[in-house]
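Quick notes on the structure that follows.
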Amino acid sequence: SSVVGGGSAPDVAPKPPAQLSRYEAQKRRDWNTFLQYLRNHKPPLTLARCSGAHVIEFLRYLDQFGKTKVHAVGCAFYGQPSPPGPCPCPLRQAWGSLDALIGRLRAAYEESGGAPESNPFAARAVRIYLREVRDSHAKARGIPHEKKKRKRAPQAAEASGSSAGAGAITSKF
């Protein structure tokens, strides 16, 4: 005998979407934030009319929520990596955060049906802006930006003699 109204009905209840990876969840949040920015833009903007200039405007808007101290050229601490005291220089978004954000938004745009050739996040102006931000932050903080060195694939002789395998992670400690 079955009890009316008792038990659970897994086939009827809506299932939550599969757990998103941290990257996918962040990409979705970033995309929704950007779409909200477009809706609140004066005048409101559609995604189809969005350009690299609008993307740069969005990145500048985000600076107000930044946590990275970027010294002005006239500041006594300009170029010092560890300033000894406080100063009135603004907090900005860190270059690495902006760079990662653009990467996620670039992917989200194309996943939402946008054509790669019309992707405003891939615009040359955006790449130039990010390079300028990176360089100005490096100078202001006295920390040179160094490109990460690519790891080279092991030589055939090394790979065959190694028991660690091609994808092994080795510790420096």
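By convention in this document, the chains of the structure tokens carry letters A, B, ... by their order, each chain's residues are numbered from 1, and ligands are numbered from 1 in the order they are shown.
Here the residues within stretch 39-129 of chain A that DSSP labels strand (DSSP E or B) on the basis of the backbone are Thr68, Lys69, Leu91 and Arg92 of chain A.
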Deliver the residues from the most recent selection as a file, using all heavy atoms, as a compact mmCIF listing (two decimals), in the first residue's frame.
# COMPACT_ATOMS: atom_id res chain seq x y z
N THR A 68 43.92 47.12 -4.14
CA THR A 68 45.36 47.26 -4.38
C THR A 68 45.76 48.73 -4.41
O THR A 68 45.25 49.50 -5.22
CB THR A 68 45.74 46.58 -5.72
OG1 THR A 68 45.38 45.21 -5.65
CG2 THR A 68 47.22 46.71 -6.01
N LYS A 69 46.67 49.11 -3.53
CA LYS A 69 47.15 50.50 -3.46
C LYS A 69 48.05 50.75 -4.66
O LYS A 69 49.02 50.04 -4.88
CB LYS A 69 47.93 50.70 -2.16
CG LYS A 69 48.54 52.07 -1.99
CD LYS A 69 47.54 53.15 -1.66
CE LYS A 69 47.10 53.11 -0.23
NZ LYS A 69 46.32 54.33 0.14
N LEU A 91 42.87 53.05 -4.08
CA LEU A 91 42.87 51.60 -4.19
C LEU A 91 42.27 51.27 -5.54
O LEU A 91 41.30 51.90 -5.97
CB LEU A 91 42.02 50.98 -3.08
CG LEU A 91 42.57 51.14 -1.66
CD1 LEU A 91 41.55 50.62 -0.65
CD2 LEU A 91 43.89 50.41 -1.51
N ARG A 92 42.86 50.31 -6.22
CA ARG A 92 42.39 49.93 -7.56
C ARG A 92 42.27 48.42 -7.64
O ARG A 92 42.77 47.70 -6.79
CB ARG A 92 43.42 50.40 -8.60
CG ARG A 92 43.63 51.90 -8.64
CD ARG A 92 43.10 52.46 -9.94
NE ARG A 92 42.96 53.90 -9.92
CZ ARG A 92 43.89 54.74 -10.31
NH1 ARG A 92 45.04 54.31 -10.75
NH2 ARG A 92 43.65 56.03 -10.28
For this session: For stretch 108-122 of chain A, work out the shell of residues within 10 Å, counting only C-alpha atoms and skipping chain neighbours fewer than 3 positions away, then give it as a VMD selection string.
Result: chain A and resid 24 27 to 28 30 to 32 47 to 56 101 to 105 125 to 127
Just want the 10 Å neighbourhood of A:Ser136, counted on only C-alpha atoms, with same-chain residues fewer than 3 positions away dropped. Output as a PDB file with N, CA and C atoms, in the first residue's frame.
ATOM      1  N   VAL A  70      47.694  51.758  -5.449  1.00  0.00           N
ATOM      2  CA  VAL A  70      48.504  52.129  -6.618  1.00  0.00           C
ATOM      3  C   VAL A  70      48.927  53.593  -6.420  1.00  0.00           C
ATOM      4  N   HIS A  71      50.216  53.790  -6.165  1.00  0.00           N
ATOM      5  CA  HIS A  71      50.719  55.134  -5.866  1.00  0.00           C
ATOM      6  C   HIS A  71      50.735  56.027  -7.096  1.00  0.00           C
ATOM      7  N   ALA A  72      50.373  57.294  -6.887  1.00  0.00           N
ATOM      8  CA  ALA A  72      50.421  58.302  -7.948  1.00  0.00           C
ATOM      9  C   ALA A  72      51.876  58.717  -8.150  1.00  0.00           C
ATOM     10  N   VAL A  73      52.165  59.254  -9.333  1.00  0.00           N
ATOM     11  CA  VAL A  73      53.544  59.645  -9.659  1.00  0.00           C
ATOM     12  C   VAL A  73      54.107  60.630  -8.633  1.00  0.00           C
ATOM     13  N   TRP A  95      45.935  44.297 -11.494  1.00  0.00           N
ATOM     14  CA  TRP A  95      46.014  43.933 -12.906  1.00  0.00           C
ATOM     15  C   TRP A  95      45.647  42.463 -13.125  1.00  0.00           C
ATOM     16  N   LEU A 130      44.863  46.772 -20.717  1.00  0.00           N
ATOM     17  CA  LEU A 130      45.376  45.858 -19.691  1.00  0.00           C
ATOM     18  C   LEU A 130      46.898  45.927 -19.595  1.00  0.00           C
ATOM     19  N   ARG A 131      47.564  46.049 -20.735  1.00  0.00           N
ATOM     20  CA  ARG A 131      49.028  46.169 -20.733  1.00  0.00           C
ATOM     21  C   ARG A 131      49.451  47.459 -20.024  1.00  0.00           C
ATOM     22  N   GLU A 132      48.734  48.558 -20.303  1.00  0.00           N
ATOM     23  CA  GLU A 132      49.057  49.831 -19.651  1.00  0.00           C
ATOM     24  C   GLU A 132      48.826  49.766 -18.143  1.00  0.00           C
ATOM     25  N   VAL A 133      47.739  49.109 -17.730  1.00  0.00           N
ATOM     26  CA  VAL A 133      47.456  48.951 -16.296  1.00  0.00           C
ATOM     27  C   VAL A 133      48.575  48.142 -15.647  1.00  0.00           C
ATOM     28  N   LYS A 139      55.243  49.966 -12.090  1.00  0.00           N
ATOM     29  CA  LYS A 139      56.077  51.140 -11.793  1.00  0.00           C
ATOM     30  C   LYS A 139      55.675  51.768 -10.467  1.00  0.00           C
ATOM     31  N   ALA A 140      54.365  51.904 -10.229  1.00  0.00           N
ATOM     32  CA  ALA A 140      53.875  52.567  -9.017  1.00  0.00           C
ATOM     33  C   ALA A 140      54.237  51.784  -7.765  1.00  0.00           C
ATOM     34  N   ARG A 141      54.285  50.468  -7.880  1.00  0.00           N
ATOM     35  CA  ARG A 141      54.558  49.636  -6.717  1.00  0.00           C
ATOM     36  C   ARG A 141      56.015  49.188  -6.654  1.00  0.00           C
ATOM     37  N   GLY A 142      56.788  49.531  -7.687  1.00  0.00           N
ATOM     38  CA  GLY A 142      58.203  49.177  -7.681  1.00  0.00           C
ATOM     39  C   GLY A 142      58.447  47.690  -7.836  1.00  0.00           C
ATOM     40  N   PRO A 144      58.613  44.897 -10.702  1.00  0.00           N
ATOM     41  CA  PRO A 144      58.558  44.647 -12.143  1.00  0.00           C
ATOM     42  C   PRO A 144      57.699  43.425 -12.450  1.00  0.00           C
TER      43      PRO A 144
END
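In this structure, atom CA of A:Leu59 sits 23.4 Å away from atom CA of A:Gly79.
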